[in-house]
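**Q** This is the structure, below, for whatever I ask next.
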Amino acid sequence: MEMLFLPHLRETTRKALEGVADGSPLLPLPRALIQLGLAASVTSLERGALSVAVAAAYDRGASPAQVQEVIALVSGLGVHSLMISAVVVLEEAQRRGLVPAGGALDAERQALWDARVGDDPFWTDFEREMPGFLRAMLILSPDIFTGFFDYCAIPWKSGTVPARVKELIAMASDATPAHRFGPGFRVHMGNALKLGCGRAEILEALSLAAAAPT
């Protein structure tokens, strides 16, 4: 499968897939779940297409719990607004004297950081992509910081959909022409590869993303 899709991500994808074996193509159920995620994404929402995608997922053997898990996963795209804006909001507030300058955390915030972030490699990867966003979010609002972690964790705790499939769904949702969330795309593609996805699965998921409504 050639990378004739998503030109804004072509070079990133090419580099990431260098030396990656083709592997097997997507099986029918994972493919249907990716299409469901794309149809349920906030960048695509259209009831008719969603109805078709839900029916197709059930036809391929998905359970109601799996369908709900996929929808919960892609509903988290909304938190990208927090991720993109946190550093900008904090820096401008500090410039205006609305928030004290400096990055020291008080005891409450430090405890939240240790409990929620710690040395988790998932958030280490996101910090590499978006330096400072977690700390900025925590300084601005411990409540939002806590809610961010609680909500994002829901689809990853239930485990009815394999983690590698959820990474493909998240990657594809971040790659759609209407979303283009590069940091998430790179992190989730890297995670999918670590979990054993091959070149064929990655490219097929991205071809589905390219066909999502704009």
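Just remember, in the structure tokens the first chain shown is A, the second B, etc., residues are 1-based per chain, and ligands are 1-based in the order shown.
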Per residue of stretch 18-90 of chain A within 7 Å of stretch 123-138 of chain A, note the shortest atom pair and the distance in Å to one decimal, counting only C-alpha atoms, and order the rows by chain and increasing residue number, as JSON lines.
**A**
```
{"residue": "A:Met83", "atom": "CA", "partner": "A:Phe133", "partner_atom": "CA", "distance": 5.9}
{"residue": "A:Ala86", "atom": "CA", "partner": "A:Met137", "partner_atom": "CA", "distance": 5.3}
{"residue": "A:Val87", "atom": "CA", "partner": "A:Ala136", "partner_atom": "CA", "distance": 5.5}
{"residue": "A:Leu90", "atom": "CA", "partner": "A:Ala136", "partner_atom": "CA", "distance": 6.1}
```
**Q** If we count only C-alpha atoms, what is near A:Ala56 at a cut-off of 7 Å, once residues fewer than 4 positions away on the same chain are taken out, given as an MDAnalysis selection string?
**A** chainID A and resid 32 52 60
**Q** Export, as a PDB file, in the first residue's frame, the selected residues with N, CA and C atoms.
**A**
```
ATOM      1  N   ALA A  32     -13.266  -2.598  11.472  1.00  0.00           N
ATOM      2  CA  ALA A  32     -14.586  -2.018  11.758  1.00  0.00           C
ATOM      3  C   ALA A  32     -14.527  -1.094  12.978  1.00  0.00           C
ATOM      4  N   VAL A  52     -24.190   3.480  10.467  1.00  0.00           N
ATOM      5  CA  VAL A  52     -23.599   2.464   9.600  1.00  0.00           C
ATOM      6  C   VAL A  52     -22.387   1.834  10.273  1.00  0.00           C
ATOM      7  N   ARG A  60     -19.382  -7.489  12.705  1.00  0.00           N
ATOM      8  CA  ARG A  60     -18.053  -8.130  12.744  1.00  0.00           C
ATOM      9  C   ARG A  60     -17.778  -8.774  14.096  1.00  0.00           C
TER      10      ARG A  60
END
```
**Q** Show me, as JSON lines, the residues of stretch 29-70 of chain A having an atom within 10 Å of stretch 145-162 of chain A, each with the closest atom pair and its distance in Å, using only C-alpha atoms.
**A**
```
{"residue": "A:Pro30", "atom": "CA", "partner": "A:Val161", "partner_atom": "CA", "distance": 8.8}
{"residue": "A:Leu33", "atom": "CA", "partner": "A:Val161", "partner_atom": "CA", "distance": 9.0}
{"residue": "A:Ala62", "atom": "CA", "partner": "A:Val161", "partner_atom": "CA", "distance": 9.1}
{"residue": "A:Ser63", "atom": "CA", "partner": "A:Thr160", "partner_atom": "CA", "distance": 8.6}
{"residue": "A:Pro64", "atom": "CA", "partner": "A:Thr160", "partner_atom": "CA", "distance": 9.9}
{"residue": "A:Ala65", "atom": "CA", "partner": "A:Thr160", "partner_atom": "CA", "distance": 6.8}
{"residue": "A:Gln66", "atom": "CA", "partner": "A:Thr160", "partner_atom": "CA", "distance": 5.6}
{"residue": "A:Val67", "atom": "CA", "partner": "A:Val161", "partner_atom": "CA", "distance": 8.9}
{"residue": "A:Gln68", "atom": "CA", "partner": "A:Pro155", "partner_atom": "CA", "distance": 8.6}
{"residue": "A:Glu69", "atom": "CA", "partner": "A:Pro155", "partner_atom": "CA", "distance": 5.3}
{"residue": "A:Val70", "atom": "CA", "partner": "A:Pro155", "partner_atom": "CA", "distance": 7.2}
```
**Q** Could you save the residues just selected, with N, CA and C atoms, as a PDB file, in the first residue's frame?
**A**
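As a result, part.pdb now contains:
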```
ATOM      1  N   PRO A  30     -10.997  -5.397  13.943  1.00  0.00           N
ATOM      2  CA  PRO A  30     -10.236  -4.164  14.172  1.00  0.00           C
ATOM      3  C   PRO A  30     -10.491  -3.090  13.129  1.00  0.00           C
ATOM      4  N   LEU A  33     -13.709  -1.438  13.965  1.00  0.00           N
ATOM      5  CA  LEU A  33     -13.610  -0.598  15.153  1.00  0.00           C
ATOM      6  C   LEU A  33     -12.885   0.716  14.839  1.00  0.00           C
ATOM      7  N   ALA A  62     -18.362  -7.265  17.314  1.00  0.00           N
ATOM      8  CA  ALA A  62     -18.093  -6.388  18.454  1.00  0.00           C
ATOM      9  C   ALA A  62     -19.214  -6.498  19.482  1.00  0.00           C
ATOM     10  N   SER A  63     -18.846  -6.368  20.739  1.00  0.00           N
ATOM     11  CA  SER A  63     -19.826  -6.327  21.821  1.00  0.00           C
ATOM     12  C   SER A  63     -20.228  -4.883  22.086  1.00  0.00           C
ATOM     13  N   PRO A  64     -21.381  -4.669  22.763  1.00  0.00           N
ATOM     14  CA  PRO A  64     -21.730  -3.296  23.141  1.00  0.00           C
ATOM     15  C   PRO A  64     -20.641  -2.633  23.981  1.00  0.00           C
ATOM     16  N   ALA A  65     -19.977  -3.401  24.850  1.00  0.00           N
ATOM     17  CA  ALA A  65     -18.907  -2.831  25.673  1.00  0.00           C
ATOM     18  C   ALA A  65     -17.750  -2.355  24.805  1.00  0.00           C
ATOM     19  N   GLN A  66     -17.425  -3.106  23.759  1.00  0.00           N
ATOM     20  CA  GLN A  66     -16.351  -2.687  22.864  1.00  0.00           C
ATOM     21  C   GLN A  66     -16.733  -1.435  22.081  1.00  0.00           C
ATOM     22  N   VAL A  67     -17.959  -1.384  21.630  1.00  0.00           N
ATOM     23  CA  VAL A  67     -18.426  -0.198  20.904  1.00  0.00           C
ATOM     24  C   VAL A  67     -18.340   1.034  21.802  1.00  0.00           C
ATOM     25  N   GLN A  68     -18.805   0.907  23.036  1.00  0.00           N
ATOM     26  CA  GLN A  68     -18.749   2.033  23.965  1.00  0.00           C
ATOM     27  C   GLN A  68     -17.314   2.422  24.300  1.00  0.00           C
ATOM     28  N   GLU A  69     -16.444   1.432  24.401  1.00  0.00           N
ATOM     29  CA  GLU A  69     -15.042   1.719  24.711  1.00  0.00           C
ATOM     30  C   GLU A  69     -14.388   2.529  23.596  1.00  0.00           C
ATOM     31  N   VAL A  70     -14.688   2.170  22.358  1.00  0.00           N
ATOM     32  CA  VAL A  70     -14.137   2.901  21.211  1.00  0.00           C
ATOM     33  C   VAL A  70     -14.666   4.336  21.200  1.00  0.00           C
TER      34      VAL A  70
END
```
**Q** Atom CA of A:Glu46 and atom CA of A:Pro28 are how many Å apart?
**A**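 Computing the Euclidean distance for atom CA of A:Glu46 and atom CA of A:Pro28 yields 22.6 Å.
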**Q** Go ahead and compute the interatomic distance for atom CA of A:Arg96 and atom CA of A:Gly78, in Å to one decimal.
**A**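 Atom CA of A:Gly78 lies 27.4 Å from atom CA of A:Arg96.
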**Q** So which residues touch stretch 40-45 of chain A within 9 Å, counting only C-alpha atoms, skipping near sequence neighbours fewer than 4 positions away, as a PyMOL selection string?
**A** chain A and resi 35-36+49-50+53+70-71+74-78+173+176+178-179+212-214
**Q** Would you save the residues from that selection as a short mmCIF file (atom, residue, chain, number, x, y, z; two decimals), in the first residue's frame, using all heavy atoms?
**A**
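Contents of selection.cif, as written:
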```
data_model
loop_
_atom_site.label_atom_id
_atom_site.label_comp_id
_atom_site.auth_asym_id
_atom_site.auth_seq_id
_atom_site.Cartn_x
_atom_site.Cartn_y
_atom_site.Cartn_z
N GLN A 35 -13.01 2.20 11.89
CA GLN A 35 -14.01 2.98 11.15
C GLN A 35 -15.06 3.56 12.11
O GLN A 35 -15.52 4.68 11.92
CB GLN A 35 -14.66 2.10 10.09
CG GLN A 35 -13.71 1.76 8.95
CD GLN A 35 -14.33 0.82 7.93
OE1 GLN A 35 -14.81 -0.26 8.29
NE2 GLN A 35 -14.33 1.23 6.67
N LEU A 36 -15.41 2.79 13.15
CA LEU A 36 -16.34 3.30 14.15
C LEU A 36 -15.74 4.51 14.87
O LEU A 36 -16.40 5.54 15.06
CB LEU A 36 -16.67 2.21 15.17
CG LEU A 36 -17.44 2.64 16.41
CD1 LEU A 36 -18.81 3.18 16.05
CD2 LEU A 36 -17.55 1.49 17.40
N ALA A 49 -23.70 8.17 9.14
CA ALA A 49 -22.44 7.44 9.04
C ALA A 49 -22.14 6.69 10.33
O ALA A 49 -21.61 5.57 10.31
CB ALA A 49 -21.31 8.41 8.72
N LEU A 50 -22.50 7.28 11.46
CA LEU A 50 -22.27 6.62 12.74
C LEU A 50 -23.14 5.37 12.87
O LEU A 50 -22.68 4.32 13.34
CB LEU A 50 -22.57 7.59 13.88
CG LEU A 50 -22.34 7.06 15.30
CD1 LEU A 50 -20.90 6.60 15.50
CD2 LEU A 50 -22.70 8.13 16.32
N ALA A 53 -21.56 2.67 10.90
CA ALA A 53 -20.34 2.17 11.53
C ALA A 53 -20.65 1.29 12.74
O ALA A 53 -19.98 0.27 12.97
CB ALA A 53 -19.44 3.34 11.93
N VAL A 70 -14.69 2.17 22.36
CA VAL A 70 -14.14 2.90 21.21
C VAL A 70 -14.67 4.34 21.20
O VAL A 70 -13.91 5.29 20.98
CB VAL A 70 -14.47 2.18 19.89
CG1 VAL A 70 -14.15 3.07 18.69
CG2 VAL A 70 -13.69 0.87 19.80
N ILE A 71 -15.96 4.50 21.44
CA ILE A 71 -16.54 5.85 21.43
C ILE A 71 -15.97 6.69 22.57
O ILE A 71 -15.66 7.88 22.40
CB ILE A 71 -18.08 5.76 21.50
CG1 ILE A 71 -18.61 5.13 20.19
CG2 ILE A 71 -18.69 7.14 21.70
CD1 ILE A 71 -20.09 4.82 20.22
N VAL A 74 -12.40 7.90 21.48
CA VAL A 74 -12.30 9.03 20.54
C VAL A 74 -12.97 10.28 21.08
O VAL A 74 -12.66 11.39 20.62
CB VAL A 74 -12.85 8.67 19.15
CG1 VAL A 74 -12.05 7.53 18.52
CG2 VAL A 74 -14.33 8.32 19.19
N SER A 75 -13.87 10.14 22.06
CA SER A 75 -14.44 11.35 22.66
C SER A 75 -13.37 12.16 23.36
O SER A 75 -13.53 13.36 23.58
CB SER A 75 -15.56 10.99 23.63
OG SER A 75 -15.04 10.43 24.83
N GLY A 76 -12.25 11.50 23.71
CA GLY A 76 -11.16 12.20 24.36
C GLY A 76 -10.42 13.16 23.46
O GLY A 76 -9.52 13.89 23.94
N LEU A 77 -10.74 13.21 22.17
CA LEU A 77 -10.09 14.19 21.29
C LEU A 77 -10.30 15.60 21.79
O LEU A 77 -9.48 16.48 21.54
CB LEU A 77 -10.63 14.07 19.85
CG LEU A 77 -9.83 13.18 18.90
CD1 LEU A 77 -9.84 11.73 19.37
CD2 LEU A 77 -10.39 13.26 17.48
N GLY A 78 -11.38 15.82 22.53
CA GLY A 78 -11.64 17.15 23.05
C GLY A 78 -10.56 17.66 23.99
O GLY A 78 -10.35 18.87 24.11
N SER A 173 -7.57 8.65 14.35
CA SER A 173 -8.40 9.81 14.70
C SER A 173 -7.57 11.09 14.72
O SER A 173 -8.02 12.15 14.29
CB SER A 173 -9.07 9.59 16.05
OG SER A 173 -9.93 8.48 16.02
N THR A 176 -6.71 12.42 10.94
CA THR A 176 -7.71 12.81 9.95
C THR A 176 -7.47 14.23 9.44
O THR A 176 -6.97 15.08 10.17
CB THR A 176 -9.14 12.73 10.53
OG1 THR A 176 -9.23 13.61 11.65
CG2 THR A 176 -9.48 11.31 10.94
N ALA A 178 -9.41 16.59 9.16
CA ALA A 178 -10.13 17.60 9.94
C ALA A 178 -9.54 17.82 11.34
O ALA A 178 -9.95 18.74 12.04
CB ALA A 178 -11.60 17.21 10.07
N HIS A 179 -8.58 16.98 11.73
CA HIS A 179 -8.03 17.13 13.09
C HIS A 179 -6.53 17.45 13.06
O HIS A 179 -6.09 18.43 13.65
CB HIS A 179 -8.28 15.86 13.90
CG HIS A 179 -8.03 16.04 15.36
ND1 HIS A 179 -8.52 17.10 16.08
CD2 HIS A 179 -7.31 15.29 16.25
CE1 HIS A 179 -8.13 17.00 17.35
NE2 HIS A 179 -7.39 15.92 17.48
N ALA A 212 -11.95 9.89 6.10
CA ALA A 212 -12.91 10.45 7.06
C ALA A 212 -13.41 11.81 6.58
O ALA A 212 -12.70 12.53 5.88
CB ALA A 212 -12.23 10.59 8.43
N PRO A 213 -14.63 12.17 6.94
CA PRO A 213 -15.18 13.47 6.52
C PRO A 213 -14.31 14.61 6.98
O PRO A 213 -13.70 14.56 8.06
CB PRO A 213 -16.56 13.51 7.21
CG PRO A 213 -16.90 12.08 7.47
CD PRO A 213 -15.59 11.40 7.73
N THR A 214 -14.22 15.67 6.18
CA THR A 214 -13.42 16.85 6.53
C THR A 214 -14.34 17.98 6.98
O THR A 214 -15.53 17.97 6.73
CB THR A 214 -12.58 17.31 5.34
OG1 THR A 214 -13.45 17.59 4.22
CG2 THR A 214 -11.60 16.23 4.94
#
```
